[in-house]
>>> print(open('protein29.pdb').read())   # PDB, C-alpha atoms
ATOM      1  CA  MET A   1     -24.964   4.461 -98.903
ATOM      2  CA  LEU A   2     -23.433   1.260-100.169
ATOM      3  CA  ASN A   3     -21.953   1.608-103.610
ATOM      4  CA  GLU A   4     -23.841  -0.076-106.385
ATOM      5  CA  GLY A   5     -20.915  -1.849-107.945
ATOM      6  CA  ALA A   6     -17.699  -3.345-106.671
ATOM      7  CA  ALA A   7     -16.096  -2.055-109.849
ATOM      8  CA  THR A   8     -16.366   1.510-108.596
ATOM      9  CA  ALA A   9     -12.978   3.145-108.829
ATOM     10  CA  ALA A  10     -11.293   3.660-105.502
ATOM     11  CA  GLY A  11     -11.240   7.414-105.800
ATOM     12  CA  GLU A  12     -14.898   7.546-106.658
ATOM     13  CA  ALA A  13     -15.807   5.257-103.793
ATOM     14  CA  PHE A  14     -13.886   7.518-101.489
ATOM     15  CA  THR A  15     -15.622  10.606-102.757
ATOM     16  CA  ARG A  16     -18.999   9.032-102.252
ATOM     17  CA  GLU A  17     -18.198   7.766 -98.783
ATOM     18  CA  SER A  18     -16.481  10.709 -97.239
ATOM     19  CA  GLY A  19     -16.810  13.570 -99.648
ATOM     20  CA  GLU A  20     -14.826  16.629 -98.697
ATOM     21  CA  MET A  21     -12.951  14.780 -95.963
ATOM     22  CA  ALA A  22     -10.494  13.795 -98.693
ATOM     23  CA  ASP A  23      -7.709  16.274 -98.047
ATOM     24  CA  MET A  24      -8.220  16.331 -94.322
ATOM     25  CA  SER A  25      -7.779  12.610 -93.779
ATOM     26  CA  ALA A  26      -4.291  12.386 -95.192
ATOM     27  CA  ARG A  27      -3.193  15.271 -93.055
ATOM     28  CA  GLU A  28      -4.905  14.143 -89.862
ATOM     29  CA  THR A  29      -3.743  10.543 -89.872
ATOM     30  CA  PRO A  30      -0.734  10.051 -87.596
ATOM     31  CA  ALA A  31       2.216   8.338 -89.282
ATOM     32  CA  ARG A  32       2.661   4.627 -88.755
ATOM     33  CA  PRO A  33       5.653   3.540 -86.645
ATOM     34  CA  ALA A  34       8.826   3.169 -88.709
ATOM     35  CA  HIS A  35       9.064  -0.601 -88.109
ATOM     36  CA  SER A  36       5.841  -1.160 -90.043
ATOM     37  CA  ASP A  37       6.191  -1.780 -93.778
ATOM     38  CA  ALA A  38       2.449  -1.554 -94.293
ATOM     39  CA  HIS A  39       0.866   1.186 -96.358
ATOM     40  CA  LEU A  40      -2.587   0.641 -94.898
ATOM     41  CA  THR A  41      -3.745   1.472 -91.373
ATOM     42  CA  LEU A  42      -6.760  -0.337 -89.946
ATOM     43  CA  TYR A  43      -8.633   1.364 -87.127
ATOM     44  CA  ARG A  44     -10.264  -1.415 -85.164
ATOM     45  CA  LEU A  45     -11.909  -2.400 -81.925
ATOM     46  CA  GLN A  46     -10.866  -5.548 -80.114
ATOM     47  CA  ALA A  47     -13.238  -8.455 -80.945
ATOM     48  CA  CYS A  48     -15.446  -6.353 -83.233
ATOM     49  CA  PRO A  49     -16.859  -8.785 -85.827
ATOM     50  CA  PHE A  50     -17.002  -6.124 -88.545
ATOM     51  CA  CYS A  51     -13.317  -5.409 -87.979
ATOM     52  CA  GLU A  52     -12.474  -9.121 -88.129
ATOM     53  CA  ARG A  53     -14.321  -9.291 -91.423
ATOM     54  CA  VAL A  54     -11.954  -6.675 -92.844
ATOM     55  CA  VAL A  55      -8.920  -8.442 -91.344
ATOM     56  CA  ARG A  56     -10.019 -11.675 -93.032
ATOM     57  CA  LYS A  57     -10.238  -9.900 -96.372
ATOM     58  CA  LEU A  58      -6.850  -8.205 -95.927
ATOM     59  CA  ASP A  59      -5.286 -11.576 -95.112
ATOM     60  CA  GLU A  60      -7.035 -13.222 -98.041
ATOM     61  CA  LEU A  61      -5.708 -10.553-100.419
ATOM     62  CA  ASP A  62      -2.298 -10.637 -98.720
ATOM     63  CA  VAL A  63      -2.375  -6.912 -98.007
ATOM     64  CA  ASP A  64       0.014  -5.859 -95.216
ATOM     65  CA  TYR A  65      -1.692  -3.610 -92.671
ATOM     66  CA  HIS A  66      -0.979  -1.826 -89.420
ATOM     67  CA  SER A  67      -3.553  -2.079 -86.616
ATOM     68  CA  ARG A  68      -4.591   0.855 -84.480
ATOM     69  CA  PHE A  69      -6.994  -0.015 -81.658
ATOM     70  CA  VAL A  70      -9.540   2.504 -80.414
ATOM     71  CA  GLU A  71     -11.978   2.939 -77.559
ATOM     72  CA  PRO A  72     -15.040   0.761 -77.108
ATOM     73  CA  LEU A  73     -16.885   3.959 -76.210
ATOM     74  CA  HIS A  74     -18.179   5.421 -79.452
ATOM     75  CA  SER A  75     -18.133   9.030 -78.207
ATOM     76  CA  GLU A  76     -14.391   8.869 -77.509
ATOM     77  CA  ARG A  77     -13.282   7.774 -80.954
ATOM     78  CA  ASN A  78     -12.209  11.180 -82.202
ATOM     79  CA  ALA A  79      -9.104   9.703 -83.804
ATOM     80  CA  VAL A  80     -11.418   7.889 -86.241
ATOM     81  CA  GLN A  81     -13.779  10.784 -86.640
ATOM     82  CA  ARG A  82     -10.962  13.047 -87.811
ATOM     83  CA  ILE A  83      -9.965  10.789 -90.680
ATOM     84  CA  VAL A  84     -13.263   9.419 -91.984
ATOM     85  CA  GLY A  85     -15.847  11.791 -90.583
ATOM     86  CA  VAL A  86     -17.627   9.162 -88.482
ATOM     87  CA  ARG A  87     -16.738   7.348 -85.267
ATOM     88  CA  THR A  88     -17.488   3.845 -86.499
ATOM     89  CA  VAL A  89     -14.948   1.063 -86.867
ATOM     90  CA  PRO A  90     -13.574  -0.544 -88.866
ATOM     91  CA  ALA A  91     -12.029   2.288 -90.821
ATOM     92  CA  ILE A  92      -9.009   2.236 -93.093
ATOM     93  CA  VAL A  93      -6.485   4.701 -94.426
ATOM     94  CA  ASP A  94      -4.636   3.531 -97.518
ATOM     95  CA  ASP A  95      -1.596   5.659 -98.298
ATOM     96  CA  GLU A  96      -1.098   3.948-101.655
ATOM     97  CA  THR A  97      -4.373   5.301-103.016
ATOM     98  CA  GLY A  98      -5.128   8.140-100.618
ATOM     99  CA  VAL A  99      -8.374   6.462 -99.627
ATOM    100  CA  ALA A 100      -9.843   6.802 -96.135
ATOM    101  CA  MET A 101     -13.143   5.054 -95.522
ATOM    102  CA  ALA A 102     -15.421   3.450 -92.942
ATOM    103  CA  GLU A 103     -17.991   0.612 -92.936
ATOM    104  CA  SER A 104     -16.888  -2.961 -93.408
ATOM    105  CA  ALA A 105     -19.008  -3.713 -96.485
ATOM    106  CA  ASN A 106     -17.579  -0.684 -98.261
ATOM    107  CA  ILE A 107     -14.062  -1.506 -97.164
ATOM    108  CA  VAL A 108     -14.307  -5.125 -98.320
ATOM    109  CA  GLU A 109     -15.655  -3.926-101.636
ATOM    110  CA  TYR A 110     -12.854  -1.410-101.962
ATOM    111  CA  LEU A 111     -10.176  -3.958-101.079
ATOM    112  CA  GLU A 112     -11.481  -6.433-103.625
ATOM    113  CA  ALA A 113     -11.647  -3.761-106.313
ATOM    114  CA  THR A 114      -8.180  -2.449-105.515
ATOM    115  CA  TYR A 115      -6.200  -5.539-104.528
ATOM    116  CA  GLY A 116      -8.273  -8.426-105.901
ATOM    117  CA  GLY A 117      -6.302 -10.202-108.609
ATOM    118  CA  GLY A 118      -9.183 -10.318-111.100
ATOM    119  CA  ALA A 119      -9.843  -6.587-111.058
TER     120      ALA A 119
ATOM    121  CA  MET B   1      10.925   9.016 -44.602
ATOM    122  CA  ASP B   2      11.568   8.107 -40.939
ATOM    123  CA  LEU B   3       9.924   4.795 -40.218
ATOM    124  CA  GLU B   4      10.366   2.678 -37.104
ATOM    125  CA  PHE B   5      11.146  -0.387 -39.171
ATOM    126  CA  ASP B   6      13.261  -1.267 -42.182
ATOM    127  CA  VAL B   7      11.759  -0.988 -45.608
ATOM    128  CA  VAL B   8      11.928  -4.283 -47.494
ATOM    129  CA  ASP B   9      15.007  -4.663 -49.676
ATOM    130  CA  LEU B  10      14.556  -6.060 -53.158
ATOM    131  CA  PRO B  11      17.012  -8.742 -54.228
ATOM    132  CA  ASP B  12      19.969  -7.673 -56.356
ATOM    133  CA  ALA B  13      18.961  -7.207 -59.969
ATOM    134  CA  ASP B  14      21.227  -7.888 -62.942
ATOM    135  CA  HIS B  15      19.766  -4.981 -64.860
ATOM    136  CA  VAL B  16      20.841  -2.904 -67.845
ATOM    137  CA  GLU B  17      23.328  -0.265 -66.682
ATOM    138  CA  ALA B  18      24.290   3.187 -67.933
ATOM    139  CA  GLY B  19      26.652   2.855 -70.881
ATOM    140  CA  GLU B  20      25.113  -0.437 -72.018
ATOM    141  CA  GLU B  21      22.784  -0.947 -74.964
ATOM    142  CA  ALA B  22      19.060  -0.960 -74.223
ATOM    143  CA  PRO B  23      17.275  -4.047 -75.590
ATOM    144  CA  ASP B  24      14.825  -3.278 -78.379
ATOM    145  CA  PHE B  25      11.230  -4.441 -78.018
ATOM    146  CA  THR B  26       7.802  -4.027 -79.590
ATOM    147  CA  ARG B  27       4.605  -3.683 -77.567
ATOM    148  CA  PRO B  28       1.287  -1.832 -77.850
ATOM    149  CA  LEU B  29       1.950   1.823 -77.063
ATOM    150  CA  VAL B  30      -1.114   3.558 -75.682
ATOM    151  CA  ASN B  31      -1.819   7.266 -76.102
ATOM    152  CA  ALA B  32      -4.896   9.289 -75.229
ATOM    153  CA  GLU B  33      -6.740   8.107 -78.332
ATOM    154  CA  TYR B  34      -5.546   4.690 -79.490
ATOM    155  CA  TRP B  35      -2.878   2.039 -79.229
ATOM    156  CA  GLU B  36      -0.680   0.339 -81.784
ATOM    157  CA  ASP B  37       2.439  -1.797 -81.884
ATOM    158  CA  VAL B  38       5.498   0.423 -81.548
ATOM    159  CA  SER B  39       9.165  -0.489 -81.144
ATOM    160  CA  LEU B  40      11.583   1.286 -78.869
ATOM    161  CA  SER B  41      13.682   1.815 -82.000
ATOM    162  CA  ASP B  42      10.715   3.516 -83.707
ATOM    163  CA  LEU B  43      10.686   6.063 -80.909
ATOM    164  CA  LEU B  44      14.469   6.446 -80.884
ATOM    165  CA  ALA B  45      14.337   7.378 -84.569
ATOM    166  CA  ASP B  46      12.606  10.569 -83.341
ATOM    167  CA  GLY B  47      15.022  11.238 -80.471
ATOM    168  CA  PRO B  48      15.914  10.105 -76.951
ATOM    169  CA  VAL B  49      13.449   8.216 -74.766
ATOM    170  CA  LEU B  50      12.888   8.374 -71.015
ATOM    171  CA  LEU B  51      11.629   4.865 -70.279
ATOM    172  CA  VAL B  52       9.792   4.667 -66.955
ATOM    173  CA  PHE B  53       8.911   1.255 -65.535
ATOM    174  CA  THR B  54       6.159   1.373 -62.940
ATOM    175  CA  THR B  55       3.973  -0.886 -60.856
ATOM    176  CA  MET B  56       0.617  -1.787 -62.359
ATOM    177  CA  ASP B  57      -1.687   1.179 -62.938
ATOM    178  CA  GLY B  58      -3.672   2.042 -59.850
ATOM    179  CA  ALA B  59      -0.974   1.002 -57.367
ATOM    180  CA  PHE B  60       0.153   4.123 -55.508
ATOM    181  CA  PRO B  61       3.809   4.065 -56.690
ATOM    182  CA  ALA B  62       2.668   4.399 -60.320
ATOM    183  CA  THR B  63       0.317   7.224 -59.359
ATOM    184  CA  TYR B  64       3.040   9.099 -57.431
ATOM    185  CA  VAL B  65       5.651   8.691 -60.180
ATOM    186  CA  TRP B  66       3.352   9.957 -62.924
ATOM    187  CA  ASN B  67       2.147  12.875 -60.805
ATOM    188  CA  GLU B  68       5.705  13.935 -60.045
ATOM    189  CA  LEU B  69       6.986  13.607 -63.620
ATOM    190  CA  ARG B  70       3.929  15.504 -64.849
ATOM    191  CA  ASP B  71       4.351  18.290 -62.280
ATOM    192  CA  ARG B  72       8.024  18.638 -63.197
ATOM    193  CA  GLY B  73       7.131  18.867 -66.889
ATOM    194  CA  VAL B  74       9.963  16.493 -67.790
ATOM    195  CA  GLU B  75       8.805  16.269 -71.412
ATOM    196  CA  GLU B  76      10.109  19.815 -71.867
ATOM    197  CA  TYR B  77      13.698  18.531 -71.986
ATOM    198  CA  GLY B  78      12.860  17.106 -75.398
ATOM    199  CA  ALA B  79      13.043  13.385 -74.662
ATOM    200  CA  GLN B  80       9.945  11.286 -75.299
ATOM    201  CA  VAL B  81       8.521  10.221 -71.940
ATOM    202  CA  VAL B  82       7.239   6.665 -72.105
ATOM    203  CA  GLY B  83       5.916   4.304 -69.435
ATOM    204  CA  VAL B  84       5.901   0.518 -69.164
ATOM    205  CA  SER B  85       3.709  -1.587 -66.921
ATOM    206  CA  VAL B  86       1.815  -4.861 -67.023
ATOM    207  CA  SER B  87      -1.519  -3.047 -67.192
ATOM    208  CA  SER B  88      -3.807  -3.421 -70.193
ATOM    209  CA  PRO B  89      -4.272  -0.701 -72.823
ATOM    210  CA  TYR B  90      -7.700   0.017 -71.342
ATOM    211  CA  GLU B  91      -6.179   0.745 -67.938
ATOM    212  CA  HIS B  92      -3.443   2.818 -69.527
ATOM    213  CA  LYS B  93      -6.009   5.004 -71.278
ATOM    214  CA  THR B  94      -7.678   5.683 -67.937
ATOM    215  CA  THR B  95      -4.331   6.404 -66.298
ATOM    216  CA  ILE B  96      -3.298   8.871 -68.999
ATOM    217  CA  GLU B  97      -6.549  10.749 -68.448
ATOM    218  CA  GLU B  98      -6.575  10.553 -64.639
ATOM    219  CA  ARG B  99      -2.896  11.532 -64.233
ATOM    220  CA  GLY B 100      -3.169  14.210 -66.932
ATOM    221  CA  ILE B 101      -0.098  12.952 -68.773
ATOM    222  CA  GLU B 102      -1.278  13.531 -72.336
ATOM    223  CA  ALA B 103       1.955  15.470 -72.987
ATOM    224  CA  PHE B 104       3.936  12.263 -72.552
ATOM    225  CA  THR B 105       4.377  10.024 -75.568
ATOM    226  CA  GLY B 106       2.487   7.053 -74.164
ATOM    227  CA  LEU B 107       2.437   3.956 -71.997
ATOM    228  CA  PHE B 108       3.549   0.535 -73.204
ATOM    229  CA  SER B 109       1.296  -2.344 -72.227
ATOM    230  CA  ASP B 110       3.292  -5.463 -71.332
ATOM    231  CA  PRO B 111       1.041  -7.908 -69.441
ATOM    232  CA  GLN B 112       3.563 -10.735 -69.685
ATOM    233  CA  ASN B 113       6.365  -8.558 -68.329
ATOM    234  CA  GLY B 114       8.847  -9.506 -71.049
ATOM    235  CA  VAL B 115      10.194  -5.967 -71.403
ATOM    236  CA  ALA B 116      11.037  -5.802 -67.704
ATOM    237  CA  GLU B 117      12.747  -9.199 -68.014
ATOM    238  CA  ALA B 118      14.809  -7.949 -70.962
ATOM    239  CA  PHE B 119      15.940  -4.959 -68.879
ATOM    240  CA  GLY B 120      16.546  -7.162 -65.837
ATOM    241  CA  VAL B 121      14.007  -5.393 -63.625
ATOM    242  CA  GLU B 122      11.293  -8.032 -63.190
ATOM    243  CA  HIS B 123       9.647  -8.370 -59.782
ATOM    244  CA  ASP B 124       7.540 -11.367 -58.759
ATOM    245  CA  LEU B 125       4.822 -10.004 -56.504
ATOM    246  CA  ASP B 126       4.352 -11.536 -53.073
ATOM    247  CA  GLY B 127       0.731 -12.460 -52.422
ATOM    248  CA  MET B 128      -0.389 -12.209 -56.059
ATOM    249  CA  ALA B 129       0.141 -15.690 -57.412
ATOM    250  CA  GLY B 130       1.575 -15.834 -60.911
ATOM    251  CA  VAL B 131       1.909 -12.066 -61.241
ATOM    252  CA  SER B 132       5.211 -10.470 -62.148
ATOM    253  CA  GLU B 133       5.647  -6.778 -62.909
ATOM    254  CA  PRO B 134       8.566  -4.387 -63.342
ATOM    255  CA  ARG B 135      10.241  -3.040 -60.255
ATOM    256  CA  PRO B 136      10.226   0.758 -60.479
ATOM    257  CA  ALA B 137      13.034   1.833 -62.817
ATOM    258  CA  VAL B 138      14.010   4.707 -65.100
ATOM    259  CA  PHE B 139      16.251   4.466 -68.161
ATOM    260  CA  LEU B 140      17.208   7.405 -70.324
ATOM    261  CA  VAL B 141      17.994   5.958 -73.757
ATOM    262  CA  GLU B 142      19.897   7.848 -76.441
ATOM    263  CA  PRO B 143      18.984   7.518 -80.123
ATOM    264  CA  ASP B 144      21.754   4.925 -80.695
ATOM    265  CA  ARG B 145      20.156   2.873 -77.885
ATOM    266  CA  THR B 146      22.920   3.644 -75.397
ATOM    267  CA  VAL B 147      21.603   4.002 -71.860
ATOM    268  CA  ALA B 148      22.639   7.457 -70.653
ATOM    269  CA  TYR B 149      21.140   7.099 -67.186
ATOM    270  CA  ALA B 150      19.706   4.190 -65.224
ATOM    271  CA  TRP B 151      17.973   4.004 -61.890
ATOM    272  CA  VAL B 152      16.437   0.801 -60.540
ATOM    273  CA  ALA B 153      14.585   0.484 -57.219
ATOM    274  CA  GLU B 154      16.436  -1.433 -54.512
ATOM    275  CA  GLU B 155      13.723  -1.162 -51.896
ATOM    276  CA  TRP B 156      10.017  -1.840 -51.955
ATOM    277  CA  PRO B 157       8.799   0.760 -52.406
ATOM    278  CA  GLU B 158      11.399   3.226 -53.615
ATOM    279  CA  PHE B 159      11.013   6.271 -55.821
ATOM    280  CA  PRO B 160      13.314   7.693 -58.490
ATOM    281  CA  ASP B 161      15.746  10.471 -57.657
ATOM    282  CA  TYR B 162      13.814  12.963 -59.738
ATOM    283  CA  ASP B 163      16.526  15.627 -59.579
ATOM    284  CA  ALA B 164      19.021  13.119 -60.971
ATOM    285  CA  VAL B 165      16.561  12.194 -63.734
ATOM    286  CA  GLU B 166      16.193  15.859 -64.629
ATOM    287  CA  ALA B 167      19.963  16.354 -64.557
ATOM    288  CA  ALA B 168      20.380  13.433 -66.977
ATOM    289  CA  LEU B 169      17.708  14.900 -69.241
ATOM    290  CA  ALA B 170      19.435  18.290 -69.136
ATOM    291  CA  ASP B 171      22.739  16.646 -70.129
ATOM    292  CA  LEU B 172      21.353  15.186 -73.344
TER     293      LEU B 172
END
>>> encode(input="protein29.pdb", output="structure tokens")
Amino acid sequence: MLNEGAATAAGEAFTRESGEMADMSARETPARPAHSDAHLTLYRLQACPFCERVVRKLDELDVDYHSRFVEPLHSERNAVQRIVGVRTVPAIVDDETGVAMAESANIVEYLEATYGGGA
Amino acid sequence: MDLEFDVVDLPDADHVEAGEEAPDFTRPLVNAEYWEDVSLSDLLADGPVLLVFTTMDGAFPATYVWNELRDRGVEEYGAQVVGVSVSSPYEHKTTIEERGIEAFTGLFSDPQNGVAEAFGVEHDLDGMAGVSEPRPAVFLVEPDRTVAYAWVAEEWPEFPDYDAVEAALADL
């Protein structure tokens, strides 16, 4: 499930994570409000430690993001399910790369590979 | 309603009037699935907004107002129908489901009541220490932020003149 190397290209990571959801996610993700300059949307749950882990990484890499908060009740998170195929948070949609993915370890890996200075 | 006593008057409010500019603000806007920070100006970029200030979710005036606006199908005039109350996003999600107002754009969550203060419609609640909420009010805001129609409660409780709201929506 977890990718073997952080060096995995973003597109490849996406393919492995969500497979054929690729085209669907871009279409199904509602647009961010106009006031937001971010190109990345973070689907999160209030006080979820896995989500905070992703926030910490986004801050560390100085990546601007827009937060979208979802239901604590797993079964009601269809907004997340439509874009990444699962109802877990955190999940991100990155318009810059077309990537939509779930699972904090994968997301952190992706962010480092994509926005980490040393990459 | 014919009561044998006088309904309580609210003090005069120095609120935003028709013809004036609506103050912009940003708060979490809750829809049936999620919430996110949205500005009034974000919504106005898509067209006019019917901004409906209500009591906290669960109080009967909020319930009655949402039922009536839903039954009248006011979203069909083309304006985005948006609520504001001090209730949390969690309560708003329940309200959207229970009132069946998924066709409306969403409900802003403003626990500290700053939006009501900016519009001049704040109401300190008697018997609930430290709690302020909006007094019931309706503002129809045009895309340039001009207020086309304003109604603010003068009694407690008082309900909007729904026919006048619909007339204002029809005039857009």
>>> atom_distance(input="protein29.pdb", atom1="atom CA of Gly85 of chain A", atom2="atom CA of Gly98 of chain A")
15.1 Å
>>> closest_residue(input="protein29.pdb", among="B:Leu29, B:Ala79, B:Leu140, B:Ile96", to="Phe108 of chain B", atoms="all atoms listed in the file")
B:Leu29
>>> atom_distance(input="protein29.pdb", atom1="atom CA of Asp2 of chain B", atom2="atom CA of Leu69 of chain B")
23.8 Å
>>> resolve_selection(input="protein29.pdb", expression="the PyMOL selection byres ((chain B and resi 113) around 10)", output="list of chain:residue names")
B:Val84, B:Ser85, B:Val86, B:Ser87, B:Ser109, B:Asp110, B:Pro111, B:Gln112, B:Gly114, B:Val115, B:Ala116, B:Glu117, B:Ala118, B:Val121, B:Glu122, B:His123, B:Val131, B:Ser132, B:Glu133, B:Pro134
>>> interface_residues(input="protein29.pdb", of="chain B", to="chain A", cutoff="9 Å", atoms="only C-alpha atoms", output="PDB file with C-alpha atoms, in the frame of the given file")
ATOM      1  CA  GLU B  33      -6.740   8.107 -78.332  1.00  0.00           C
ATOM      2  CA  TYR B  34      -5.546   4.690 -79.490  1.00  0.00           C
ATOM      3  CA  TRP B  35      -2.878   2.039 -79.229  1.00  0.00           C
ATOM      4  CA  GLU B  36      -0.680   0.339 -81.784  1.00  0.00           C
ATOM      5  CA  ASP B  37       2.439  -1.797 -81.884  1.00  0.00           C
ATOM      6  CA  VAL B  38       5.498   0.423 -81.548  1.00  0.00           C
ATOM      7  CA  SER B  39       9.165  -0.489 -81.144  1.00  0.00           C
ATOM      8  CA  SER B  41      13.682   1.815 -82.000  1.00  0.00           C
ATOM      9  CA  ASP B  42      10.715   3.516 -83.707  1.00  0.00           C
ATOM     10  CA  LEU B  43      10.686   6.063 -80.909  1.00  0.00           C
ATOM     11  CA  ALA B  45      14.337   7.378 -84.569  1.00  0.00           C
ATOM     12  CA  TYR B  90      -7.700   0.017 -71.342  1.00  0.00           C
ATOM     13  CA  LYS B  93      -6.009   5.004 -71.278  1.00  0.00           C
TER      14      LYS B  93
END
>>> closest_residue(input="protein29.pdb", among="B:Glu142, B:Pro160, B:Ala22, B:Leu169", to="Glu76 of chain B", atoms="only C-alpha atoms")
B:Leu169
